[in-house]
file coords.cif (mmCIF, C-alpha atoms)
data_work
loop_
_atom_site.label_atom_id
_atom_site.label_comp_id
_atom_site.auth_asym_id
_atom_site.auth_seq_id
_atom_site.Cartn_x
_atom_site.Cartn_y
_atom_site.Cartn_z
CA MET A 1 0.00 0.00 0.00
CA ALA A 2 1.35 3.43 -0.92
CA THR A 3 2.45 5.67 1.92
CA ALA A 4 4.21 8.43 0.00
CA THR A 5 2.22 11.42 1.15
CA PHE A 6 1.38 10.38 4.72
CA SER A 7 2.78 12.46 7.52
CA LEU A 8 1.87 12.15 11.17
CA HIS A 9 0.12 15.19 12.67
CA PRO A 10 2.64 17.11 14.82
CA GLN A 11 0.39 16.90 17.90
CA LEU A 12 0.20 13.10 17.64
CA ALA A 13 3.95 12.97 17.08
CA GLN A 14 4.50 15.05 20.20
CA ASP A 15 2.12 13.06 22.44
CA THR A 16 3.25 9.55 21.51
CA HIS A 17 6.10 7.10 20.97
CA PHE A 18 6.45 5.15 17.72
CA VAL A 19 5.80 1.42 18.15
CA THR A 20 5.66 -0.13 14.69
CA ASP A 21 4.04 0.05 11.26
CA LEU A 22 1.41 -2.55 10.41
CA PRO A 23 0.39 -2.92 6.73
CA LEU A 24 -2.05 0.01 6.95
CA CYS A 25 -1.58 1.74 10.29
CA ARG A 26 1.17 3.28 12.31
CA VAL A 27 0.98 2.05 15.92
CA LEU A 28 1.75 4.64 18.58
CA LEU A 29 2.07 4.48 22.36
CA MET A 30 0.40 7.43 24.05
CA ASN A 31 2.90 9.01 26.44
CA GLU A 32 0.47 8.73 29.37
CA SER A 33 1.62 6.17 31.89
CA ARG A 34 -1.73 5.93 33.72
CA TYR A 35 -3.17 3.51 31.15
CA PRO A 36 -1.85 1.16 28.45
CA TRP A 37 -3.03 3.41 25.59
CA PHE A 38 -2.16 2.76 21.96
CA ILE A 39 -3.29 4.53 18.80
CA LEU A 40 -3.70 3.33 15.21
CA VAL A 41 -3.15 5.92 12.48
CA PRO A 42 -3.87 4.76 8.90
CA ARG A 43 -0.90 5.89 6.79
CA ARG A 44 -2.97 7.76 4.23
CA ALA A 45 -2.81 11.48 3.51
CA ASP A 46 -5.67 13.81 4.39
CA LEU A 47 -7.85 11.27 6.20
CA ARG A 48 -10.38 12.50 8.74
CA GLU A 49 -13.11 9.87 8.96
CA ILE A 50 -13.22 6.09 8.78
CA HIS A 51 -15.70 6.06 5.90
CA GLU A 52 -13.13 7.91 3.74
CA LEU A 53 -11.11 4.68 3.56
CA ASP A 54 -12.09 2.36 0.72
CA VAL A 55 -13.69 -0.99 1.55
CA ALA A 56 -10.42 -2.98 1.52
CA GLU A 57 -8.63 -0.40 3.66
CA ARG A 58 -11.51 -0.33 6.13
CA ALA A 59 -11.34 -4.10 6.45
CA GLN A 60 -7.61 -3.77 7.04
CA LEU A 61 -8.12 -1.08 9.70
CA TRP A 62 -10.52 -3.33 11.61
CA ALA A 63 -8.20 -6.34 11.24
CA GLU A 64 -5.39 -4.28 12.74
CA SER A 65 -7.73 -2.98 15.45
CA ASP A 66 -8.57 -6.57 16.28
CA GLN A 67 -4.88 -7.49 16.34
CA LEU A 68 -4.06 -4.58 18.65
CA SER A 69 -7.04 -5.36 20.92
CA ARG A 70 -5.94 -8.97 21.32
CA ALA A 71 -2.39 -7.83 22.05
CA LEU A 72 -3.70 -5.48 24.77
CA LEU A 73 -5.70 -8.33 26.30
CA ALA A 74 -2.73 -10.68 26.24
CA LEU A 75 -0.26 -8.17 27.66
CA PHE A 76 -2.39 -6.41 30.26
CA GLN A 77 -5.51 -8.53 31.08
CA PRO A 78 -7.65 -5.39 31.37
CA ASP A 79 -11.16 -5.28 32.81
CA LYS A 80 -12.41 -3.53 29.64
CA LEU A 81 -11.13 -2.27 26.34
CA ASN A 82 -12.02 1.24 25.20
CA MET A 83 -11.85 1.95 21.46
CA ALA A 84 -12.66 5.32 19.91
CA ALA A 85 -12.20 7.51 16.87
CA LEU A 86 -12.90 11.07 18.03
CA GLY A 87 -10.63 13.61 16.33
CA ASN A 88 -12.23 16.78 17.66
CA MET A 89 -8.81 18.14 18.66
CA VAL A 90 -6.60 16.47 16.05
CA ALA A 91 -8.61 15.84 12.91
CA GLN A 92 -6.16 13.33 11.34
CA LEU A 93 -7.89 9.96 11.60
CA HIS A 94 -6.59 8.03 14.59
CA VAL A 95 -8.21 5.25 16.60
CA HIS A 96 -7.58 4.99 20.33
CA HIS A 97 -7.26 1.56 21.99
CA ILE A 98 -6.99 1.69 25.76
CA ALA A 99 -6.74 -1.09 28.33
CA ARG A 100 -8.93 -0.03 31.24
CA PHE A 101 -8.97 -1.25 34.81
CA GLN A 102 -11.52 -0.75 37.55
CA THR A 103 -8.57 0.50 39.60
CA ASP A 104 -7.29 3.05 37.06
CA ALA A 105 -7.29 6.79 37.71
CA ALA A 106 -10.24 7.69 35.49
CA TRP A 107 -12.48 4.61 35.88
CA PRO A 108 -15.33 4.44 34.95
CA ALA A 109 -15.07 7.73 33.03
CA PRO A 110 -13.44 7.91 29.59
CA VAL A 111 -9.77 8.90 29.75
CA TRP A 112 -9.89 12.01 27.56
CA GLY A 113 -9.58 15.32 29.33
CA LYS A 114 -9.42 13.85 32.83
CA PHE A 115 -5.78 14.55 33.68
CA PRO A 116 -2.72 16.12 32.09
CA ALA A 117 -0.65 13.23 30.74
CA LEU A 118 1.82 11.66 33.15
CA ALA A 119 4.78 10.83 30.90
CA TYR A 120 6.52 7.46 31.06
CA ALA A 121 10.01 7.12 32.44
CA PRO A 122 12.08 6.42 29.29
CA GLU A 123 13.00 2.87 30.29
CA VAL A 124 9.37 2.01 31.09
CA ALA A 125 8.23 3.36 27.71
CA ALA A 126 10.97 1.39 25.97
CA GLN A 127 9.92 -1.82 27.72
CA ARG A 128 6.22 -1.24 26.91
CA ILE A 129 7.06 -0.56 23.25
CA ARG A 130 9.16 -3.71 23.01
CA SER A 131 6.48 -5.90 24.57
CA MET A 132 3.86 -4.53 22.17
CA GLN A 133 6.14 -4.98 19.16
CA GLU A 134 6.56 -8.62 20.17
CA ALA A 135 2.84 -9.15 20.80
CA LEU A 136 1.98 -7.71 17.36
CA ARG A 137 4.50 -10.00 15.65
CA THR A 138 2.92 -13.23 16.97
CA MET B 1 -28.74 -14.49 12.22
CA ALA B 2 -30.08 -15.90 15.51
CA THR B 3 -31.28 -13.37 18.06
CA ALA B 4 -33.05 -15.71 20.49
CA THR B 5 -31.15 -14.92 23.66
CA PHE B 6 -30.37 -11.24 23.10
CA SER B 7 -31.86 -8.76 25.51
CA LEU B 8 -31.02 -5.08 25.70
CA HIS B 9 -29.34 -3.96 28.93
CA PRO B 10 -31.95 -2.12 31.07
CA GLN B 11 -29.76 0.99 31.31
CA LEU B 12 -29.48 1.24 27.51
CA ALA B 13 -33.24 0.64 27.23
CA GLN B 14 -33.89 3.45 29.68
CA ASP B 15 -31.53 5.96 28.07
CA THR B 16 -32.57 5.49 24.43
CA HIS B 17 -35.36 5.24 21.88
CA PHE B 18 -35.61 2.26 19.51
CA VAL B 19 -34.90 3.18 15.89
CA THR B 20 -34.65 -0.05 13.90
CA ASP B 21 -32.97 -3.44 13.67
CA LEU B 22 -30.28 -3.90 11.03
CA PRO B 23 -29.17 -7.48 10.20
CA LEU B 24 -26.79 -7.60 13.17
CA CYS B 25 -27.36 -4.54 15.32
CA ARG B 26 -30.18 -2.78 17.07
CA VAL B 27 -30.04 0.96 16.32
CA LEU B 28 -30.91 3.25 19.22
CA LEU B 29 -31.30 7.02 19.54
CA MET B 30 -29.72 8.34 22.73
CA ASN B 31 -32.30 10.45 24.55
CA GLU B 32 -29.93 13.43 24.70
CA SER B 33 -31.08 16.26 22.46
CA ARG B 34 -27.76 18.15 22.54
CA TYR B 35 -26.23 15.95 19.84
CA PRO B 36 -27.45 13.55 17.14
CA TRP B 37 -26.27 10.44 19.02
CA PHE B 38 -27.03 6.92 17.87
CA ILE B 39 -25.88 3.57 19.23
CA LEU B 40 -25.37 0.17 17.59
CA VAL B 41 -25.91 -2.88 19.79
CA PRO B 42 -25.09 -6.26 18.19
CA ARG B 43 -28.03 -8.55 18.97
CA ARG B 44 -25.94 -11.30 20.53
CA ALA B 45 -26.17 -12.49 24.12
CA ASP B 46 -23.36 -11.88 26.60
CA LEU B 47 -21.18 -9.73 24.37
CA ARG B 48 -18.72 -7.32 25.97
CA GLU B 49 -15.96 -6.73 23.44
CA ILE B 50 -15.78 -6.39 19.67
CA HIS B 51 -13.23 -9.20 19.30
CA GLU B 52 -15.79 -11.63 20.83
CA LEU B 53 -17.75 -11.41 17.56
CA ASP B 54 -16.67 -13.91 14.91
CA VAL B 55 -15.04 -12.63 11.73
CA ALA B 56 -18.26 -12.45 9.69
CA GLU B 57 -20.14 -10.69 12.48
CA ARG B 58 -17.31 -8.20 12.93
CA ALA B 59 -17.42 -7.40 9.23
CA GLN B 60 -21.18 -6.91 9.55
CA LEU B 61 -20.76 -4.63 12.58
CA TRP B 62 -18.36 -2.41 10.66
CA ALA B 63 -20.62 -2.42 7.58
CA GLU B 64 -23.50 -1.23 9.76
CA SER B 65 -21.24 1.32 11.45
CA ASP B 66 -20.35 2.62 8.01
CA GLN B 67 -24.02 2.74 7.02
CA LEU B 68 -24.93 4.63 10.20
CA SER B 69 -21.99 7.03 9.79
CA ARG B 70 -23.05 7.88 6.24
CA ALA B 71 -26.63 8.42 7.40
CA LEU B 72 -25.40 10.81 10.11
CA LEU B 73 -23.38 12.74 7.53
CA ALA B 74 -26.30 12.94 5.13
CA LEU B 75 -28.85 13.98 7.75
CA PHE B 76 -26.80 16.36 9.87
CA GLN B 77 -23.68 17.51 7.94
CA PRO B 78 -21.59 17.42 11.15
CA ASP B 79 -18.11 18.89 11.51
CA LYS B 80 -16.85 15.54 12.86
CA LEU B 81 -18.07 12.08 13.65
CA ASN B 82 -17.22 10.50 16.98
CA MET B 83 -17.33 6.71 17.21
CA ALA B 84 -16.56 4.74 20.36
CA ALA B 85 -16.98 1.41 22.12
CA LEU B 86 -16.38 2.11 25.81
CA GLY B 87 -18.66 0.06 28.06
CA ASN B 88 -17.14 0.98 31.41
CA MET B 89 -20.60 1.73 32.83
CA VAL B 90 -22.74 -0.67 30.78
CA ALA B 91 -20.65 -3.66 29.79
CA GLN B 92 -23.03 -4.92 27.05
CA LEU B 93 -21.23 -4.19 23.77
CA HIS B 94 -22.56 -0.99 22.22
CA VAL B 95 -20.92 1.38 19.77
CA HIS B 96 -21.63 5.11 19.98
CA HIS B 97 -21.91 7.19 16.80
CA ILE B 98 -22.26 10.90 17.41
CA ALA B 99 -22.51 13.81 14.98
CA ARG B 100 -20.40 16.59 16.46
CA PHE B 101 -20.41 20.31 15.72
CA GLN B 102 -17.93 23.01 16.62
CA THR B 103 -20.95 24.81 18.07
CA ASP B 104 -22.22 21.95 20.25
CA ALA B 105 -22.31 22.09 24.04
CA ALA B 106 -19.33 19.83 24.70
CA TRP B 107 -17.04 20.64 21.75
CA PRO B 108 -14.17 19.80 21.50
CA ALA B 109 -14.44 17.47 24.51
CA PRO B 110 -16.01 14.02 24.20
CA VAL B 111 -19.70 13.97 25.13
CA TRP B 112 -19.59 11.39 27.93
CA GLY B 113 -19.99 12.70 31.44
CA LYS B 114 -20.20 16.37 30.42
CA PHE B 115 -23.86 17.06 31.17
CA PRO B 116 -26.92 15.21 32.46
CA ALA B 117 -28.91 14.23 29.37
CA LEU B 118 -31.41 16.79 28.08
CA ALA B 119 -34.31 14.60 26.90
CA TYR B 120 -35.98 15.17 23.55
CA ALA B 121 -39.49 16.52 23.31
CA PRO B 122 -41.48 13.46 22.17
CA GLU B 123 -42.36 14.92 18.74
CA VAL B 124 -38.72 15.86 18.09
CA ALA B 125 -37.54 12.37 19.02
CA ALA B 126 -40.22 10.85 16.77
CA GLN B 127 -39.13 13.02 13.84
CA ARG B 128 -35.44 12.21 14.38
CA ILE B 129 -36.22 8.48 14.57
CA ARG B 130 -38.26 8.61 11.36
CA SER B 131 -35.57 10.48 9.45
CA MET B 132 -32.91 7.97 10.56
CA GLN B 133 -35.14 5.02 9.66
CA GLU B 134 -35.51 6.48 6.18
CA ALA B 135 -31.79 7.25 5.83
CA LEU B 136 -30.89 3.67 6.81
CA ARG B 137 -33.33 2.23 4.25
CA THR B 138 -31.70 3.98 1.28
#

call {"tool": "encode", "arguments": {"input": "coords.cif", "output": "structure tokens"}}
result
Amino acid sequence: MATATFSLHPQLAQDTHFVTDLPLCRVLLMNESRYPWFILVPRRADLREIHELDVAERAQLWAESDQLSRALLALFQPDKLNMAALGNMVAQLHVHHIARFQTDAAWPAPVWGKFPALAYAPEVAAQRIRSMQEALRT
Amino acid sequence: MATATFSLHPQLAQDTHFVTDLPLCRVLLMNESRYPWFILVPRRADLREIHELDVAERAQLWAESDQLSRALLALFQPDKLNMAALGNMVAQLHVHHIARFQTDAAWPAPVWGKFPALAYAPEVAAQRIRSMQEALRT
């Protein structure tokens, strides 16, 4: 799939760590240590909404969402997954996948806008990125 | 598709109006007049997460999500669509689809937990339900 004109929105670049590229989506780790929070960004230019993807790309997005969801379950055994495409702040299409726990800071509220992000210590981020890279390879 | 053992969670039943049944999902109108807010509920018993659907059902969920998204665009011309499967409060799998406007009460925040719901006047709800039923038939 062509990726020539894709570039990650600067706000997403600033708020996240790069994890890996799947066939369609870039996988990012949100730099918010309160929750295991990953984001899929389809590597297509000028995308805002899911329905703007063609049928094959949409199927691929949901396959990658499924893959990421299963990786979150395997790595973190959360009480609930939260998945959302919002984009009110950053219009570039991106799909949040968050492992939620009844003991987490925002439960049962959604995570957005609750707290300023609490950045990972670099070595913790690196470990979390590595474990997700491995989970997505299996 | 079998629907024998499906029953809508009482909280969802209380918070919404019935719109229609698509092949997989029940379509509900959230009784919150601030935003055009519809919900898809796959009519399967004991579902909590999207990955619990089999591959064919997942494809059908996303086809119906696409259909609902396009109906929201056609009916309301929103500035942005918001789509989310959260389920921290009501675990039964349900997928929110909300037409958002830069002028709406919660913009740019997500809608959940911002305000107590402002119920529709019955005739406004009835009109909104009819227009969505028609949009989903085309």

call {"tool": "residues_around", "arguments": {"input": "coords.cif", "residues": "Arg100 of chain A", "least_positions_apart": "4", "cutoff": "9 Å", "atoms": "only C-alpha atoms", "output": "NGL selection string"}}
result
(:A and (35-37 or 78-82 or 104 or 106-108)) or (:B and (88))

call {"tool": "interface_residues", "arguments": {"input": "coords.cif", "of": "chain B", "to": "chain A", "cutoff": "8 Å", "atoms": "all atoms listed in the file", "output": "PyMOL selection string"}}
result
chain B and resi 49-51+59+62+66+69-70+80-89+107-110+112-113

call {"tool": "write_last_selection", "arguments": {"input": "coords.cif", "atoms": "C-alpha atoms", "output": "JSON list (two decimals), in the coordinates of the input"}}
result
[["chain", "number", "residue", "atom", "x", "y", "z"],
["B", 49, "GLU", "CA", -15.96, -6.73, 23.44],
["B", 50, "ILE", "CA", -15.78, -6.39, 19.67],
["B", 51, "HIS", "CA", -13.23, -9.20, 19.30],
["B", 59, "ALA", "CA", -17.42, -7.40, 9.23],
["B", 62, "TRP", "CA", -18.36, -2.41, 10.66],
["B", 66, "ASP", "CA", -20.35, 2.62, 8.01],
["B", 69, "SER", "CA", -21.99, 7.03, 9.79],
["B", 70, "ARG", "CA", -23.05, 7.88, 6.24],
["B", 80, "LYS", "CA", -16.85, 15.54, 12.86],
["B", 81, "LEU", "CA", -18.07, 12.08, 13.65],
["B", 82, "ASN", "CA", -17.22, 10.50, 16.98],
["B", 83, "MET", "CA", -17.33, 6.71, 17.21],
["B", 84, "ALA", "CA", -16.56, 4.74, 20.36],
["B", 85, "ALA", "CA", -16.98, 1.41, 22.12],
["B", 86, "LEU", "CA", -16.38, 2.11, 25.81],
["B", 87, "GLY", "CA", -18.66, 0.06, 28.06],
["B", 88, "ASN", "CA", -17.14, 0.98, 31.41],
["B", 89, "MET", "CA", -20.60, 1.73, 32.83],
["B", 107, "TRP", "CA", -17.04, 20.64, 21.75],
["B", 108, "PRO", "CA", -14.17, 19.80, 21.50],
["B", 109, "ALA", "CA", -14.44, 17.47, 24.51],
["B", 110, "PRO", "CA", -16.01, 14.02, 24.20],
["B", 112, "TRP", "CA", -19.59, 11.39, 27.93],
["B", 113, "GLY", "CA", -19.99, 12.70, 31.44]]

call {"tool": "axis_aligned_box", "arguments": {"input": "coords.cif", "around": "segment 89-108 of chain A", "padding_each_side": "5 Å", "output": "lines of an AutoDock Vina configuration file"}}
result
center_x = -10.7
center_y = 8.4
center_z = 25.5
size_x = 19.2
size_y = 29.4
size_z = 38.3

call {"tool": "calpha_fit_and_write", "arguments": {"input": "coords.cif", "fixed": "chain A", "moving": "chain B", "output": "short mmCIF file (atom, residue, chain, number, x, y, z; two decimals) with C-alpha atoms, in the frame of the given file"}}
result
data_model
loop_
_atom_site.label_atom_id
_atom_site.label_comp_id
_atom_site.auth_asym_id
_atom_site.auth_seq_id
_atom_site.Cartn_x
_atom_site.Cartn_y
_atom_site.Cartn_z
CA MET B 1 0.04 -0.01 0.03
CA ALA B 2 1.33 3.46 -0.91
CA THR B 3 2.43 5.68 1.96
CA ALA B 4 4.19 8.43 -0.01
CA THR B 5 2.22 11.43 1.15
CA PHE B 6 1.38 10.38 4.71
CA SER B 7 2.78 12.47 7.51
CA LEU B 8 1.87 12.16 11.17
CA HIS B 9 0.11 15.19 12.67
CA PRO B 10 2.64 17.11 14.82
CA GLN B 11 0.39 16.90 17.89
CA LEU B 12 0.18 13.10 17.64
CA ALA B 13 3.96 12.97 17.08
CA GLN B 14 4.51 15.04 20.20
CA ASP B 15 2.14 13.07 22.43
CA THR B 16 3.26 9.55 21.51
CA HIS B 17 6.11 7.10 20.99
CA PHE B 18 6.46 5.15 17.73
CA VAL B 19 5.81 1.43 18.15
CA THR B 20 5.65 -0.13 14.69
CA ASP B 21 4.04 0.06 11.26
CA LEU B 22 1.41 -2.55 10.41
CA PRO B 23 0.38 -2.92 6.73
CA LEU B 24 -2.05 0.00 6.95
CA CYS B 25 -1.58 1.74 10.27
CA ARG B 26 1.17 3.29 12.30
CA VAL B 27 0.98 2.05 15.91
CA LEU B 28 1.75 4.64 18.58
CA LEU B 29 2.07 4.47 22.36
CA MET B 30 0.40 7.43 24.06
CA ASN B 31 2.90 9.01 26.44
CA GLU B 32 0.48 8.72 29.36
CA SER B 33 1.62 6.15 31.90
CA ARG B 34 -1.73 5.92 33.72
CA TYR B 35 -3.16 3.51 31.15
CA PRO B 36 -1.85 1.17 28.44
CA TRP B 37 -3.01 3.42 25.58
CA PHE B 38 -2.17 2.76 21.96
CA ILE B 39 -3.28 4.52 18.79
CA LEU B 40 -3.70 3.33 15.20
CA VAL B 41 -3.15 5.92 12.47
CA PRO B 42 -3.88 4.77 8.90
CA ARG B 43 -0.92 5.89 6.79
CA ARG B 44 -2.99 7.76 4.23
CA ALA B 45 -2.81 11.48 3.52
CA ASP B 46 -5.68 13.81 4.39
CA LEU B 47 -7.86 11.28 6.19
CA ARG B 48 -10.39 12.50 8.74
CA GLU B 49 -13.11 9.87 8.94
CA ILE B 50 -13.22 6.08 8.78
CA HIS B 51 -15.71 6.04 5.89
CA GLU B 52 -13.14 7.92 3.73
CA LEU B 53 -11.11 4.68 3.56
CA ASP B 54 -12.10 2.37 0.72
CA VAL B 55 -13.68 -0.98 1.54
CA ALA B 56 -10.42 -2.97 1.51
CA GLU B 57 -8.63 -0.40 3.66
CA ARG B 58 -11.52 -0.33 6.13
CA ALA B 59 -11.34 -4.10 6.44
CA GLN B 60 -7.60 -3.78 7.05
CA LEU B 61 -8.12 -1.09 9.69
CA TRP B 62 -10.52 -3.32 11.60
CA ALA B 63 -8.20 -6.34 11.23
CA GLU B 64 -5.39 -4.28 12.75
CA SER B 65 -7.72 -2.98 15.45
CA ASP B 66 -8.57 -6.57 16.27
CA GLN B 67 -4.88 -7.51 16.34
CA LEU B 68 -4.07 -4.58 18.65
CA SER B 69 -7.04 -5.36 20.91
CA ARG B 70 -5.92 -8.97 21.31
CA ALA B 71 -2.38 -7.83 22.07
CA LEU B 72 -3.70 -5.48 24.77
CA LEU B 73 -5.70 -8.32 26.30
CA ALA B 74 -2.74 -10.68 26.25
CA LEU B 75 -0.26 -8.17 27.67
CA PHE B 76 -2.40 -6.42 30.27
CA GLN B 77 -5.50 -8.54 31.09
CA PRO B 78 -7.65 -5.38 31.38
CA ASP B 79 -11.16 -5.28 32.81
CA LYS B 80 -12.39 -3.53 29.64
CA LEU B 81 -11.13 -2.27 26.34
CA ASN B 82 -12.02 1.23 25.20
CA MET B 83 -11.85 1.95 21.47
CA ALA B 84 -12.65 5.32 19.91
CA ALA B 85 -12.20 7.51 16.85
CA LEU B 86 -12.89 11.06 18.02
CA GLY B 87 -10.62 13.60 16.32
CA ASN B 88 -12.23 16.78 17.64
CA MET B 89 -8.81 18.15 18.64
CA VAL B 90 -6.59 16.47 16.04
CA ALA B 91 -8.60 15.84 12.90
CA GLN B 92 -6.15 13.33 11.34
CA LEU B 93 -7.89 9.96 11.60
CA HIS B 94 -6.59 8.02 14.60
CA VAL B 95 -8.22 5.25 16.59
CA HIS B 96 -7.58 4.99 20.33
CA HIS B 97 -7.27 1.57 21.98
CA ILE B 98 -6.99 1.69 25.75
CA ALA B 99 -6.75 -1.09 28.32
CA ARG B 100 -8.93 -0.03 31.23
CA PHE B 101 -8.97 -1.25 34.82
CA GLN B 102 -11.52 -0.76 37.56
CA THR B 103 -8.56 0.50 39.60
CA ASP B 104 -7.29 3.06 37.07
CA ALA B 105 -7.28 6.80 37.71
CA ALA B 106 -10.23 7.69 35.49
CA TRP B 107 -12.47 4.62 35.87
CA PRO B 108 -15.32 4.43 34.94
CA ALA B 109 -15.07 7.73 33.03
CA PRO B 110 -13.44 7.90 29.60
CA VAL B 111 -9.77 8.89 29.75
CA TRP B 112 -9.89 12.01 27.56
CA GLY B 113 -9.58 15.32 29.32
CA LYS B 114 -9.42 13.83 32.83
CA PHE B 115 -5.79 14.55 33.69
CA PRO B 116 -2.72 16.13 32.08
CA ALA B 117 -0.65 13.23 30.75
CA LEU B 118 1.83 11.66 33.17
CA ALA B 119 4.79 10.83 30.90
CA TYR B 120 6.52 7.47 31.06
CA ALA B 121 10.01 7.11 32.44
CA PRO B 122 12.08 6.42 29.30
CA GLU B 123 13.00 2.85 30.31
CA VAL B 124 9.36 2.01 31.09
CA ALA B 125 8.22 3.37 27.72
CA ALA B 126 10.97 1.39 25.98
CA GLN B 127 9.91 -1.82 27.72
CA ARG B 128 6.22 -1.25 26.92
CA ILE B 129 7.06 -0.55 23.26
CA ARG B 130 9.16 -3.72 23.01
CA SER B 131 6.48 -5.90 24.56
CA MET B 132 3.84 -4.52 22.16
CA GLN B 133 6.14 -4.99 19.17
CA GLU B 134 6.56 -8.62 20.17
CA ALA B 135 2.83 -9.14 20.81
CA LEU B 136 1.98 -7.71 17.37
CA ARG B 137 4.49 -10.02 15.66
CA THR B 138 2.89 -13.22 16.97
#

call {"tool": "resolve_selection", "arguments": {"input": "coords.cif", "expression": "the PyMOL selection byres ((chain A and resi 120-132) around 7)", "output": "PyMOL selection string"}}
result
chain A and resi 19+31-33+118-119+133-136

call {"tool": "write_last_selection", "arguments": {"input": "coords.cif", "atoms": "C-alpha atoms", "output": "PDB file, keeping the file's coordinate frame"}}
result
ATOM      1  CA  VAL A  19       5.800   1.420  18.150  1.00  0.00           C
ATOM      2  CA  ASN A  31       2.900   9.010  26.440  1.00  0.00           C
ATOM      3  CA  GLU A  32       0.470   8.730  29.370  1.00  0.00           C
ATOM      4  CA  SER A  33       1.620   6.170  31.890  1.00  0.00           C
ATOM      5  CA  LEU A 118       1.820  11.660  33.150  1.00  0.00           C
ATOM      6  CA  ALA A 119       4.780  10.830  30.900  1.00  0.00           C
ATOM      7  CA  GLN A 133       6.140  -4.980  19.160  1.00  0.00           C
ATOM      8  CA  GLU A 134       6.560  -8.620  20.170  1.00  0.00           C
ATOM      9  CA  ALA A 135       2.840  -9.150  20.800  1.00  0.00           C
ATOM     10  CA  LEU A 136       1.980  -7.710  17.360  1.00  0.00           C
TER      11      LEU A 136
END

call {"tool": "atom_distance", "arguments": {"input": "coords.cif", "atom1": "atom CA of Ala99 of chain B", "atom2": "atom CA of Pro42 of chain B"}}
result
20.5 Å

call {"tool": "residues_around", "arguments": {"input": "coords.cif", "residues": "Arg43 of chain B", "least_positions_apart": "5", "cutoff": "7 Å", "atoms": "all atoms listed in the file", "output": "compact mmCIF listing (two decimals) with C-alpha atoms, in the frame of the given file"}}
result
# COMPACT_ATOMS: atom_id res chain seq x y z
CA THR B 3 -31.28 -13.37 18.06
CA PHE B 6 -30.37 -11.24 23.10
CA LEU B 24 -26.79 -7.60 13.17
CA CYS B 25 -27.36 -4.54 15.32
CA ARG B 26 -30.18 -2.78 17.07

call {"tool": "residues_around", "arguments": {"input": "coords.cif", "residues": "segment 27-29 of chain A", "least_positions_apart": "2", "cutoff": "6 Å", "atoms": "only C-alpha atoms", "output": "list in words"}}
result
Thr16, His17, Phe18, Val19, Thr20, Asp21, Phe38, Ile39 and Leu40 of chain A

call {"tool": "write_last_selection", "arguments": {"input": "coords.cif", "atoms": "C-alpha atoms", "output": "mmCIF file, in the coordinates of the input"}}
result
data_model
loop_
_atom_site.group_PDB
_atom_site.id
_atom_site.type_symbol
_atom_site.label_atom_id
_atom_site.label_comp_id
_atom_site.auth_asym_id
_atom_site.auth_seq_id
_atom_site.Cartn_x
_atom_site.Cartn_y
_atom_site.Cartn_z
ATOM 1 C CA THR A 16 3.250 9.550 21.510
ATOM 2 C CA HIS A 17 6.100 7.100 20.970
ATOM 3 C CA PHE A 18 6.450 5.150 17.720
ATOM 4 C CA VAL A 19 5.800 1.420 18.150
ATOM 5 C CA THR A 20 5.660 -0.130 14.690
ATOM 6 C CA ASP A 21 4.040 0.050 11.260
ATOM 7 C CA PHE A 38 -2.160 2.760 21.960
ATOM 8 C CA ILE A 39 -3.290 4.530 18.800
ATOM 9 C CA LEU A 40 -3.700 3.330 15.210
#

call {"tool": "atom_distance", "arguments": {"input": "coords.cif", "atom1": "atom CA of Leu73 of chain A", "atom2": "atom CA of Gln92 of chain B"}}
result
17.7 Å

call {"tool": "atom_distance", "arguments": {"input": "coords.cif", "atom1": "atom CA of Leu68 of chain B", "atom2": "atom CA of Gln14 of chain B"}}
result
21.5 Å
